[in-house]
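Visitor: Sending over final15.csv (CSV, C-alpha atoms).
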```csv
chain,number,residue,atom,x,y,z
A,1,MET,CA,101.9,125.4,83.5
A,2,GLU,CA,103.1,122.8,80.9
A,3,LEU,CA,106.3,122.3,79.1
A,4,ARG,CA,104.8,123.8,75.9
A,5,HIS,CA,104.4,127.1,77.8
A,6,LEU,CA,108.1,127.1,78.8
A,7,ARG,CA,109.2,126.2,75.2
A,8,CYS,CA,107.1,129.0,73.8
A,9,PHE,CA,108.4,131.5,76.4
A,10,GLN,CA,112.0,130.6,75.8
A,11,ALA,CA,111.6,130.9,72.0
A,12,VAL,CA,110.1,134.4,72.3
A,13,ALA,CA,112.7,135.4,74.9
A,14,GLU,CA,115.5,134.4,72.6
A,15,GLU,CA,114.1,135.9,69.4
A,16,LEU,CA,112.3,138.9,70.9
A,17,HIS,CA,110.1,138.6,67.9
A,18,PHE,CA,106.8,136.7,67.9
A,19,ALA,CA,106.8,135.9,64.2
A,20,ARG,CA,110.4,134.5,64.3
A,21,ALA,CA,109.7,132.6,67.4
A,22,ALA,CA,106.6,131.0,65.8
A,23,GLU,CA,108.6,130.0,62.8
A,24,LYS,CA,111.3,128.5,65.0
A,25,LEU,CA,108.6,126.4,66.8
A,26,HIS,CA,106.9,125.5,63.5
A,27,ILE,CA,103.6,126.9,64.7
A,28,GLU,CA,101.3,129.8,63.8
A,29,GLN,CA,101.7,133.1,65.5
A,30,SER,CA,98.2,133.2,67.0
A,31,PRO,CA,98.6,130.0,69.1
A,32,LEU,CA,102.0,131.2,70.3
A,33,SER,CA,100.5,134.5,71.5
A,34,ARG,CA,97.7,132.6,73.3
A,35,THR,CA,100.2,130.3,75.0
A,36,ILE,CA,102.2,133.3,76.2
A,37,LYS,CA,99.0,134.9,77.5
A,38,GLU,CA,98.1,131.7,79.4
A,39,LEU,CA,101.6,131.6,81.0
A,40,GLU,CA,101.3,135.2,82.1
A,41,GLU,CA,97.9,134.6,83.6
A,42,ASP,CA,99.2,131.6,85.4
A,43,LEU,CA,102.1,133.5,86.8
A,44,GLY,CA,100.1,136.7,87.5
A,45,GLU,CA,102.9,138.8,85.8
A,46,GLN,CA,103.5,140.3,82.4
A,47,LEU,CA,106.5,138.7,80.9
A,48,PHE,CA,106.8,140.8,77.7
A,49,VAL,CA,106.2,144.4,76.6
A,50,ARG,CA,105.0,144.2,73.0
A,51,THR,CA,104.6,147.1,70.7
A,52,SER,CA,104.2,147.4,66.9
A,53,ARG,CA,107.9,147.9,66.6
A,54,SER,CA,109.5,145.7,69.2
A,55,THR,CA,109.2,143.0,71.9
A,56,ARG,CA,111.2,143.1,75.1
A,57,LEU,CA,111.3,141.2,78.4
A,58,THR,CA,109.9,142.8,81.5
A,59,ARG,CA,111.9,142.5,84.8
A,60,ALA,CA,109.7,139.5,85.7
A,61,GLY,CA,110.4,138.0,82.3
A,62,LYS,CA,114.1,138.4,82.7
A,63,LEU,CA,114.0,136.7,86.1
A,64,PHE,CA,111.8,133.9,84.8
A,65,LEU,CA,114.2,133.3,81.9
A,66,GLU,CA,117.0,132.6,84.3
A,67,HIS,CA,115.2,129.5,85.5
A,68,VAL,CA,113.7,128.1,82.4
A,69,PRO,CA,116.9,126.6,80.8
A,70,ARG,CA,117.6,124.8,84.1
A,71,VAL,CA,114.1,123.1,83.9
A,72,PHE,CA,115.0,121.7,80.5
A,73,SER,CA,118.5,120.7,81.7
A,74,ALA,CA,117.0,118.8,84.6
A,75,LEU,CA,114.5,117.1,82.3
A,76,GLN,CA,117.3,116.1,79.9
A,77,GLN,CA,119.4,114.7,82.7
A,78,ALA,CA,116.4,112.7,83.9
A,79,ARG,CA,116.0,111.2,80.4
A,80,ASP,CA,119.8,110.5,80.3
A,81,SER,CA,119.6,108.7,83.7
A,82,VAL,CA,116.8,106.4,82.5
A,83,LYS,CA,118.8,105.6,79.3
A,84,ALA,CA,121.9,105.0,81.3
A,85,ALA,CA,120.1,102.6,83.6
A,86,ALA,CA,118.7,100.8,80.6
A,87,ASN,CA,122.2,100.4,79.2
A,88,GLY,CA,123.5,98.8,82.3
A,89,PHE,CA,125.0,101.7,84.2
A,90,HIS,CA,124.4,101.7,88.0
A,91,GLY,CA,125.3,105.3,88.8
A,92,GLN,CA,125.9,108.7,87.3
A,93,LEU,CA,128.5,111.5,87.8
A,94,ARG,CA,127.7,114.9,86.3
A,95,ILE,CA,130.9,116.9,85.8
A,96,ALA,CA,130.9,120.6,84.9
A,97,LEU,CA,134.0,122.1,83.2
A,98,SER,CA,134.8,125.8,83.1
A,99,ASP,CA,137.9,127.8,82.1
A,100,GLY,CA,139.4,124.8,80.2
A,101,ILE,CA,141.0,122.4,82.6
A,102,THR,CA,144.4,120.9,81.8
A,103,PRO,CA,143.8,118.9,78.6
A,104,SER,CA,146.4,116.2,79.3
A,105,ARG,CA,144.9,115.4,82.7
A,106,LEU,CA,141.3,115.1,81.7
A,107,PRO,CA,141.7,112.0,79.4
A,108,ALA,CA,143.8,110.3,82.0
A,109,LEU,CA,141.2,111.0,84.7
A,110,LEU,CA,138.3,109.8,82.6
A,111,ALA,CA,140.2,106.7,81.5
A,112,LEU,CA,140.9,105.9,85.2
A,113,CYS,CA,137.2,106.3,86.1
A,114,ARG,CA,136.2,104.0,83.2
A,115,GLN,CA,138.8,101.4,84.3
A,116,GLU,CA,137.9,101.4,88.0
A,117,GLU,CA,134.1,102.0,87.8
A,118,PRO,CA,132.8,101.2,84.3
A,119,GLU,CA,129.3,100.9,85.7
A,120,VAL,CA,129.2,104.7,86.5
A,121,ASP,CA,127.9,106.8,83.6
A,122,ILE,CA,129.9,110.0,83.4
A,123,ARG,CA,128.4,113.2,81.8
A,124,LEU,CA,130.4,116.2,81.0
A,125,PHE,CA,129.1,119.8,80.7
A,126,GLN,CA,131.2,122.6,79.4
A,127,VAL,CA,129.7,125.8,80.9
A,128,PRO,CA,130.7,129.3,82.1
A,129,LEU,CA,131.8,129.6,85.7
A,130,ALA,CA,128.6,131.3,86.9
A,131,GLN,CA,126.5,128.6,85.3
A,132,GLN,CA,128.6,125.9,86.9
A,133,ILE,CA,128.2,127.5,90.4
A,134,LYS,CA,124.4,127.8,89.9
A,135,GLY,CA,124.2,124.3,88.6
A,136,LEU,CA,126.0,122.9,91.6
A,137,GLN,CA,123.6,124.7,93.9
A,138,ASP,CA,120.6,123.5,91.9
A,139,ASP,CA,121.9,119.9,91.9
A,140,LEU,CA,122.3,119.9,88.1
A,141,TYR,CA,126.0,118.9,88.5
A,142,ASP,CA,127.8,116.7,91.1
A,143,VAL,CA,131.2,118.2,90.8
A,144,GLY,CA,133.1,120.8,88.7
A,145,PHE,CA,136.5,122.1,87.7
A,146,ALA,CA,137.4,125.7,87.3
A,147,GLN,CA,140.3,128.1,87.7
A,148,SER,CA,138.7,130.3,90.3
A,149,ASP,CA,138.2,129.9,94.0
A,150,GLU,CA,135.8,132.9,94.2
A,151,VAL,CA,132.6,130.9,94.2
A,152,GLY,CA,130.5,132.2,97.1
A,153,GLU,CA,128.9,130.5,100.0
A,154,GLY,CA,127.7,126.9,100.0
A,155,ILE,CA,130.4,125.7,97.5
A,156,ALA,CA,133.4,123.7,98.8
A,157,VAL,CA,136.7,124.6,96.8
A,158,GLU,CA,139.8,122.5,96.7
A,159,ALA,CA,143.0,123.3,94.8
A,160,VAL,CA,143.9,120.1,92.9
A,161,TRP,CA,146.3,120.9,90.1
A,162,SER,CA,148.9,123.5,89.2
A,163,ASP,CA,150.5,124.2,85.9
A,164,PRO,CA,153.1,126.8,84.9
A,165,LEU,CA,151.8,129.9,83.1
A,166,MET,CA,153.8,130.1,79.9
A,167,VAL,CA,154.3,132.7,77.1
A,168,ALA,CA,153.2,131.4,73.7
A,169,VAL,CA,155.6,132.9,71.2
A,170,PRO,CA,155.5,132.8,67.4
A,171,ALA,CA,158.4,130.8,66.0
A,172,ARG,CA,161.4,133.0,64.9
A,173,HIS,CA,160.2,135.8,67.2
A,174,HIS,CA,163.3,137.6,68.6
A,175,LEU,CA,162.0,137.1,72.2
A,176,LEU,CA,163.0,133.4,71.8
A,177,LYS,CA,166.6,134.6,72.5
A,178,HIS,CA,165.5,134.5,76.2
A,179,LYS,CA,165.2,131.1,78.0
A,180,ARG,CA,162.9,132.9,80.4
A,181,ILE,CA,161.1,136.0,79.2
A,182,PRO,CA,160.9,139.0,81.5
A,183,LEU,CA,157.3,140.2,81.9
A,184,ASP,CA,158.2,143.8,80.9
A,185,GLU,CA,159.5,142.4,77.6
A,186,VAL,CA,156.3,140.5,77.0
A,187,LEU,CA,154.3,143.6,77.6
A,188,GLN,CA,156.0,145.4,74.8
A,189,PHE,CA,154.0,143.3,72.3
A,190,PRO,CA,150.3,142.8,71.6
A,191,LEU,CA,148.7,140.0,73.6
A,192,VAL,CA,145.9,137.5,72.8
A,193,LEU,CA,144.2,136.5,76.0
A,194,SER,CA,141.2,134.3,77.0
A,195,ASP,CA,137.8,135.9,77.1
A,196,PRO,CA,136.8,136.5,80.7
A,197,GLN,CA,133.1,135.8,79.8
A,198,VAL,CA,134.1,132.3,78.8
A,199,CYS,CA,137.2,131.6,80.9
A,200,GLU,CA,136.6,133.8,83.9
A,201,GLY,CA,138.9,132.1,86.4
A,202,HIS,CA,141.8,131.7,83.9
A,203,ALA,CA,141.5,135.4,82.9
A,204,LYS,CA,141.6,136.5,86.5
A,205,GLN,CA,144.7,134.5,87.3
A,206,VAL,CA,146.5,135.9,84.2
A,207,GLU,CA,145.4,139.4,85.1
A,208,ARG,CA,147.0,139.0,88.6
A,209,VAL,CA,150.3,138.1,86.9
A,210,LEU,CA,150.1,141.1,84.5
A,211,ARG,CA,149.6,143.4,87.4
A,212,ARG,CA,153.1,142.7,88.6
A,213,SER,CA,154.3,145.1,86.0
A,214,GLU,CA,153.6,148.8,85.9
A,215,ARG,CA,153.4,148.6,82.1
A,216,GLU,CA,149.8,148.6,80.7
A,217,PRO,CA,149.2,145.5,78.5
A,218,LEU,CA,148.1,145.9,74.9
A,219,ILE,CA,145.4,143.3,74.4
A,220,ALA,CA,144.9,142.8,70.7
A,221,GLU,CA,142.3,140.0,71.0
A,222,ARG,CA,140.1,138.1,73.5
A,223,VAL,CA,139.4,134.6,72.4
A,224,ALA,CA,137.0,131.9,73.7
A,225,SER,CA,139.4,128.9,73.3
A,226,PHE,CA,143.0,128.1,73.7
A,227,GLU,CA,143.0,126.5,70.2
A,228,LEU,CA,142.1,129.9,68.7
A,229,MET,CA,144.7,131.6,70.9
A,230,MET,CA,147.4,129.4,69.5
A,231,VAL,CA,146.3,130.0,65.9
A,232,VAL,CA,146.6,133.8,66.5
A,233,VAL,CA,150.0,133.4,68.0
A,234,SER,CA,151.2,131.1,65.2
A,235,ALA,CA,150.1,133.7,62.6
A,236,GLY,CA,152.4,136.2,64.3
A,237,PHE,CA,149.7,138.6,65.4
A,238,ALA,CA,150.3,138.5,69.1
A,239,LEU,CA,151.9,136.7,72.1
A,240,GLY,CA,149.7,134.4,74.2
A,241,LEU,CA,149.6,133.5,77.9
A,242,ALA,CA,148.3,130.1,78.8
A,243,GLY,CA,149.1,127.0,80.8
A,244,GLY,CA,152.0,124.9,79.5
A,245,PRO,CA,149.8,121.8,78.8
A,246,HIS,CA,147.4,123.9,76.7
A,247,ILE,CA,150.2,125.2,74.5
A,248,ALA,CA,151.6,121.6,74.1
A,249,ALA,CA,148.2,120.2,73.4
A,250,SER,CA,147.6,122.7,70.6
A,251,ARG,CA,150.4,121.2,68.5
A,252,GLU,CA,150.6,124.4,66.5
A,253,PRO,CA,154.0,124.1,64.7
A,254,GLY,CA,154.5,127.9,64.7
A,255,VAL,CA,154.2,128.3,68.5
A,256,VAL,CA,157.0,128.0,71.1
A,257,ALA,CA,156.4,128.0,74.8
A,258,ARG,CA,158.7,130.0,77.2
A,259,PRO,CA,158.4,130.5,80.9
A,260,LEU,CA,158.3,133.9,82.5
A,261,ALA,CA,161.5,135.2,84.2
A,262,GLY,CA,161.6,135.7,87.9
A,263,ARG,CA,159.0,134.5,90.3
A,264,SER,CA,157.3,131.3,89.2
A,265,SER,CA,153.8,131.9,87.8
A,266,MET,CA,151.4,129.0,88.2
A,267,LEU,CA,147.8,128.5,87.1
A,268,THR,CA,145.7,126.6,89.7
A,269,THR,CA,142.7,124.4,88.9
A,270,TYR,CA,140.1,123.9,91.6
A,271,LEU,CA,137.6,121.2,92.2
A,272,LEU,CA,134.1,122.6,93.2
A,273,ARG,CA,131.3,120.8,94.9
A,274,CYS,CA,128.4,121.6,97.2
A,275,GLU,CA,129.3,121.6,100.9
A,276,GLY,CA,128.2,118.7,103.0
A,277,GLU,CA,128.4,114.9,102.7
A,278,VAL,CA,129.4,113.5,99.4
A,279,SER,CA,128.2,110.2,97.8
A,280,GLU,CA,130.6,107.2,97.7
A,281,VAL,CA,130.8,107.6,93.9
A,282,LEU,CA,131.9,111.2,94.2
A,283,SER,CA,134.3,110.5,97.1
A,284,ARG,CA,136.1,107.9,95.0
A,285,PHE,CA,136.2,110.3,92.0
A,286,ILE,CA,137.8,113.0,94.2
A,287,GLU,CA,140.4,110.5,95.3
A,288,ARG,CA,141.3,109.8,91.6
A,289,VAL,CA,141.5,113.6,90.9
A,290,GLN,CA,144.0,114.0,93.7
A,291,ALA,CA,146.1,111.1,92.4
A,292,ILE,CA,146.2,112.2,88.7
A,293,ASP,CA,149.3,113.9,87.5
A,294,LEU,CA,150.4,115.0,84.1
A,295,PRO,CA,151.3,112.1,81.8
A,296,GLU,CA,155.0,111.7,80.9
A,297,GLY,CA,155.8,113.6,77.8
A,298,THR,CA,153.2,116.4,78.3
A,299,ARG,CA,154.8,117.9,81.5
A,300,ALA,CA,156.1,121.4,81.0
A,301,PRO,CA,159.6,121.6,82.6
A,302,PRO,CA,159.7,123.7,85.8
A,303,PRO,CA,161.2,127.1,85.2
A,304,PRO,CA,164.9,127.0,86.2
A,305,GLU,CA,166.2,129.1,89.0
A,306,PRO,CA,167.0,132.7,87.9
A,307,ASP,CA,170.6,133.2,86.8
A,308,PRO,CA,172.0,136.4,88.2
A,309,GLN,CA,174.2,137.0,85.2
A,310,GLU,CA,171.4,136.4,82.7
A,311,GLU,CA,169.2,138.9,84.6
A,312,ILE,CA,171.9,141.5,84.4
A,313,GLU,CA,172.2,141.1,80.6
A,314,LEU,CA,168.4,141.5,80.2
```
Could I get this file's structure written as structure tokens?

Guide:
Amino acid sequence: MELRHLRCFQAVAEELHFARAAEKLHIEQSPLSRTIKELEEDLGEQLFVRTSRSTRLTRAGKLFLEHVPRVFSALQQARDSVKAAANGFHGQLRIALSDGITPSRLPALLALCRQEEPEVDIRLFQVPLAQQIKGLQDDLYDVGFAQSDEVGEGIAVEAVWSDPLMVAVPARHHLLKHKRIPLDEVLQFPLVLSDPQVCEGHAKQVERVLRRSEREPLIAERVASFELMMVVVSAGFALGLAGGPHIAASREPGVVARPLAGRSSMLTTYLLRCEGEVSEVLSRFIERVQAIDLPEGTRAPPPPEPDPQEEIEL
């Protein structure tokens, strides 16, 4: 089995069409078909069911497809390591990011790493949570950040940062009369929330907060980024729910952040790594993570204590 076999297989698996896959690879269709046949003979399994009308993956093909991208990722990381060594770096730290970690902390953390260990090459990978967990298990990443502690066996999880969950409200919306907005009031309006396929951990934490009310939320939109969430809110289409630092970082002029009334709602960011001993480089990195706090000027103020009179008026 050679890399060309894997490249051809991946192209056909993505396109599910031999002619389009051949065009994508800039080769003729006949050599592509021969390469796939060679791969199937090597594996002893049929990878595709091909008819005159369609091409689809077999069960073996679907299983094989789960592993192929990781082969190319590992190969690219090996190339990056060699280039980093040639450029004077003496170590490497591969960091996976899921769910959108606090934007104001990440620059401060990376700047501290560069200041204290400039010889360590830092690589960032923005991936879904499931891919991060698999990558940690397969040694594609050294450490990761996510907003979920449901990661299965073999992964060590540590809560490192907490941020207030805030309501992103369009400017001039009448809910801004509240200093702290009751959840039931929020649920009277359409919501724009993060897509659980992209921000799984964040979506689950928000869902737990929404379950405090008996009212069913009206979800108008699911979005893949907090930037787009703030755009939708600014346009007046819906209310958003996100961490205070994410709302502040968006700098959308038509969005105002308000805390929820009652019990304080916090979003927790977790550090993930494989269980067992850690390298000295990773150990020092974890110490920096634990020491980092929100920079002045980006901190969302803590929700004030509930005022009994205000609660009666609501």

Visitor: So which residues touch Ala108 in chain A within 10 Å, counting all atoms listed in the file, skipping near sequence neighbours fewer than 4 positions away, as a CSV table (one decimal) with C-alpha atoms, in the coordinates of the input?

Guide:
```csv
chain,number,residue,atom,x,y,z
A,103,PRO,CA,143.8,118.9,78.6
A,104,SER,CA,146.4,116.2,79.3
A,112,LEU,CA,140.9,105.9,85.2
A,113,CYS,CA,137.2,106.3,86.1
A,114,ARG,CA,136.2,104.0,83.2
A,288,ARG,CA,141.3,109.8,91.6
A,289,VAL,CA,141.5,113.6,90.9
A,292,ILE,CA,146.2,112.2,88.7
A,293,ASP,CA,149.3,113.9,87.5
A,294,LEU,CA,150.4,115.0,84.1
A,295,PRO,CA,151.3,112.1,81.8
```

Visitor: Excluding Gln147 in chain A and any residue of its chain fewer than 6 positions from it, enumerate the residues within 6 Å of it, using all atoms listed in the file, and give them as an mmCIF file with C-alpha atoms, keeping the file's coordinate frame.

Guide:
```cif
data_model
loop_
_atom_site.group_PDB
_atom_site.id
_atom_site.type_symbol
_atom_site.label_atom_id
_atom_site.label_comp_id
_atom_site.auth_asym_id
_atom_site.auth_seq_id
_atom_site.Cartn_x
_atom_site.Cartn_y
_atom_site.Cartn_z
ATOM 1 C CA GLY A 201 138.900 132.100 86.400
ATOM 2 C CA HIS A 202 141.800 131.700 83.900
ATOM 3 C CA THR A 268 145.700 126.600 89.700
ATOM 4 C CA THR A 269 142.700 124.400 88.900
ATOM 5 C CA TYR A 270 140.100 123.900 91.600
#
```

Visitor: Please report the interatomic distance between CA of Val186 in chain A and CA of Arg212 in chain A in Å with one decimal.

Guide: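 Atom-to-atom, CA of Val186 in chain A and CA of Arg212 in chain A are spaced 12.2 Å apart.
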
Visitor: Excluding Asp142 in chain A and any residue of its chain fewer than 6 positions from it, enumerate the residues within 9 Å of it, using only C-alpha atoms, and give them as an MDAnalysis selection string.

Guide: chainID A and resid 93:96 135:136 272:274 282

Visitor: Hey, which of A:Gln10, A:Ser264, A:Ala203, A:Arg34 ends up closest to Gly61 in chain A? Count all atoms listed in the file.

Guide: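 Among the listed residues, A:Gln10 lies closest to Gly61 in chain A.
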
Visitor: Interatomic distance between CA of Ala22 in chain A and CA of Glu38 in chain A?

Guide: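 Calculated distance between CA of Ala22 in chain A and CA of Glu38 in chain A is 16.1 Å.
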
Visitor: With distances taken over only C-alpha atoms, which residue among A:Cys199, A:Ile36, A:Ala261, A:Leu63 lies nearest Pro182 in chain A?

Guide: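 Nearest to Pro182 in chain A: A:Ala261.
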
Visitor: Starting from the point (154.9, 133.3, 64.1), work out which residues of protein, DNA or RNA have an atom no more than 6 Å away when counting only C-alpha atoms; state them as a list of chain:residue names.

Guide: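 In the file's frame, the residues around the point are A:Pro170, A:Ala171, A:Ser234, A:Ala235, A:Gly236, A:Gly254.
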
Visitor: When you count only C-alpha atoms, which of these residues is closest to Ala146 in chain A: A:Leu191, A:Cys8, A:Leu271, A:Ala78?

Guide: A:Leu271

Visitor: Hey, what's within 12 Å of range 11-16 of chain A if we count only C-alpha atoms and toss same-chain stuff fewer than 3 positions away? As a VMD selection string, please?

Guide: chain A and resid 4 to 8 19 to 27 29 32 to 33 35 to 36 47 to 51 53 to 58 60 to 66 68 to 69

Visitor: Figure out the distance between CA of Tyr141 in chain A and CA of Gln205 in chain A, please, to one decimal in Å.

Guide: 24.4 Å

Visitor: Can you pull out the residues contacting Val169 in chain A? Cut-off 7 Å, using only C-alpha atoms, and skip same-chain residues under 6 positions away; I want them as a list in words.

Guide: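 Residues near the query, excluding close chain neighbours: Val233, Leu239, Gly240, Val255, Val256 and Ala257 of chain A.
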
Visitor: Which one of A:Lys177, A:Lys204, A:Arg70, A:Lys83 sits closest to Asp139 in chain A if you count all atoms listed in the file?

Guide: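 Distance minimum relative to Asp139 in chain A lands on A:Arg70.
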
Visitor: Under the rule that all atoms listed in the file are counted, which of A:Leu129, A:Val278, A:Ser52, A:Leu3 is the nearest residue to Ala156 in chain A?

Guide: A:Val278

Visitor: Give the answer as one residue: which of A:Pro259, A:Gly144, A:Pro196, A:Pro190 has the shortest atom-to-atom distance to Glu216 in chain A, using all atoms listed in the file?

Guide: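 Closest to Glu216 in chain A of all the choices is A:Pro190.
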
Visitor: Kindly output range 235-250 of chain A as a PDB file, in the frame of the given file, after building N, CA and C atoms.

Guide:
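Result went into selection-v8.pdb, see below:
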```pdb
ATOM      1  N   ALA A 235     150.135 132.748  63.766  1.00  0.00           N
ATOM      2  CA  ALA A 235     150.100 133.700  62.600  1.00  0.00           C
ATOM      3  C   ALA A 235     150.962 134.903  62.840  1.00  0.00           C
ATOM      4  N   GLY A 236     151.504 135.053  64.067  1.00  0.00           N
ATOM      5  CA  GLY A 236     152.400 136.200  64.300  1.00  0.00           C
ATOM      6  C   GLY A 236     151.706 137.451  64.747  1.00  0.00           C
ATOM      7  N   PHE A 237     150.393 137.388  65.039  1.00  0.00           N
ATOM      8  CA  PHE A 237     149.700 138.600  65.400  1.00  0.00           C
ATOM      9  C   PHE A 237     149.920 139.076  66.805  1.00  0.00           C
ATOM     10  N   ALA A 238     150.221 138.135  67.721  1.00  0.00           N
ATOM     11  CA  ALA A 238     150.300 138.500  69.100  1.00  0.00           C
ATOM     12  C   ALA A 238     151.049 137.394  69.899  1.00  0.00           C
ATOM     13  N   LEU A 239     151.408 137.706  71.150  1.00  0.00           N
ATOM     14  CA  LEU A 239     151.900 136.700  72.100  1.00  0.00           C
ATOM     15  C   LEU A 239     150.690 136.216  72.911  1.00  0.00           C
ATOM     16  N   GLY A 240     150.738 134.972  73.374  1.00  0.00           N
ATOM     17  CA  GLY A 240     149.700 134.400  74.200  1.00  0.00           C
ATOM     18  C   GLY A 240     150.161 134.083  75.592  1.00  0.00           C
ATOM     19  N   LEU A 241     149.243 133.995  76.543  1.00  0.00           N
ATOM     20  CA  LEU A 241     149.600 133.500  77.900  1.00  0.00           C
ATOM     21  C   LEU A 241     148.596 132.414  78.248  1.00  0.00           C
ATOM     22  N   ALA A 242     149.153 131.234  78.514  1.00  0.00           N
ATOM     23  CA  ALA A 242     148.300 130.100  78.800  1.00  0.00           C
ATOM     24  C   ALA A 242     149.130 129.051  79.579  1.00  0.00           C
ATOM     25  N   GLY A 243     148.438 128.035  80.107  1.00  0.00           N
ATOM     26  CA  GLY A 243     149.100 127.000  80.800  1.00  0.00           C
ATOM     27  C   GLY A 243     149.992 126.176  79.830  1.00  0.00           C
ATOM     28  N   GLY A 244     151.125 125.692  80.320  1.00  0.00           N
ATOM     29  CA  GLY A 244     152.000 124.900  79.500  1.00  0.00           C
ATOM     30  C   GLY A 244     151.344 123.750  78.774  1.00  0.00           C
ATOM     31  N   PRO A 245     150.513 122.960  79.473  1.00  0.00           N
ATOM     32  CA  PRO A 245     149.800 121.800  78.800  1.00  0.00           C
ATOM     33  C   PRO A 245     148.903 122.267  77.677  1.00  0.00           C
ATOM     34  N   HIS A 246     148.265 123.438  77.800  1.00  0.00           N
ATOM     35  CA  HIS A 246     147.400 123.900  76.700  1.00  0.00           C
ATOM     36  C   HIS A 246     148.210 124.238  75.469  1.00  0.00           C
ATOM     37  N   ILE A 247     149.375 124.835  75.656  1.00  0.00           N
ATOM     38  CA  ILE A 247     150.200 125.200  74.500  1.00  0.00           C
ATOM     39  C   ILE A 247     150.718 123.864  73.854  1.00  0.00           C
ATOM     40  N   ALA A 248     151.135 122.904  74.684  1.00  0.00           N
ATOM     41  CA  ALA A 248     151.600 121.600  74.100  1.00  0.00           C
ATOM     42  C   ALA A 248     150.507 120.883  73.414  1.00  0.00           C
ATOM     43  N   ALA A 249     149.287 120.935  73.967  1.00  0.00           N
ATOM     44  CA  ALA A 249     148.200 120.200  73.400  1.00  0.00           C
ATOM     45  C   ALA A 249     147.734 120.781  72.038  1.00  0.00           C
ATOM     46  N   SER A 250     148.018 122.061  71.803  1.00  0.00           N
ATOM     47  CA  SER A 250     147.600 122.700  70.600  1.00  0.00           C
ATOM     48  C   SER A 250     148.320 122.142  69.344  1.00  0.00           C
TER      49      SER A 250
END
```
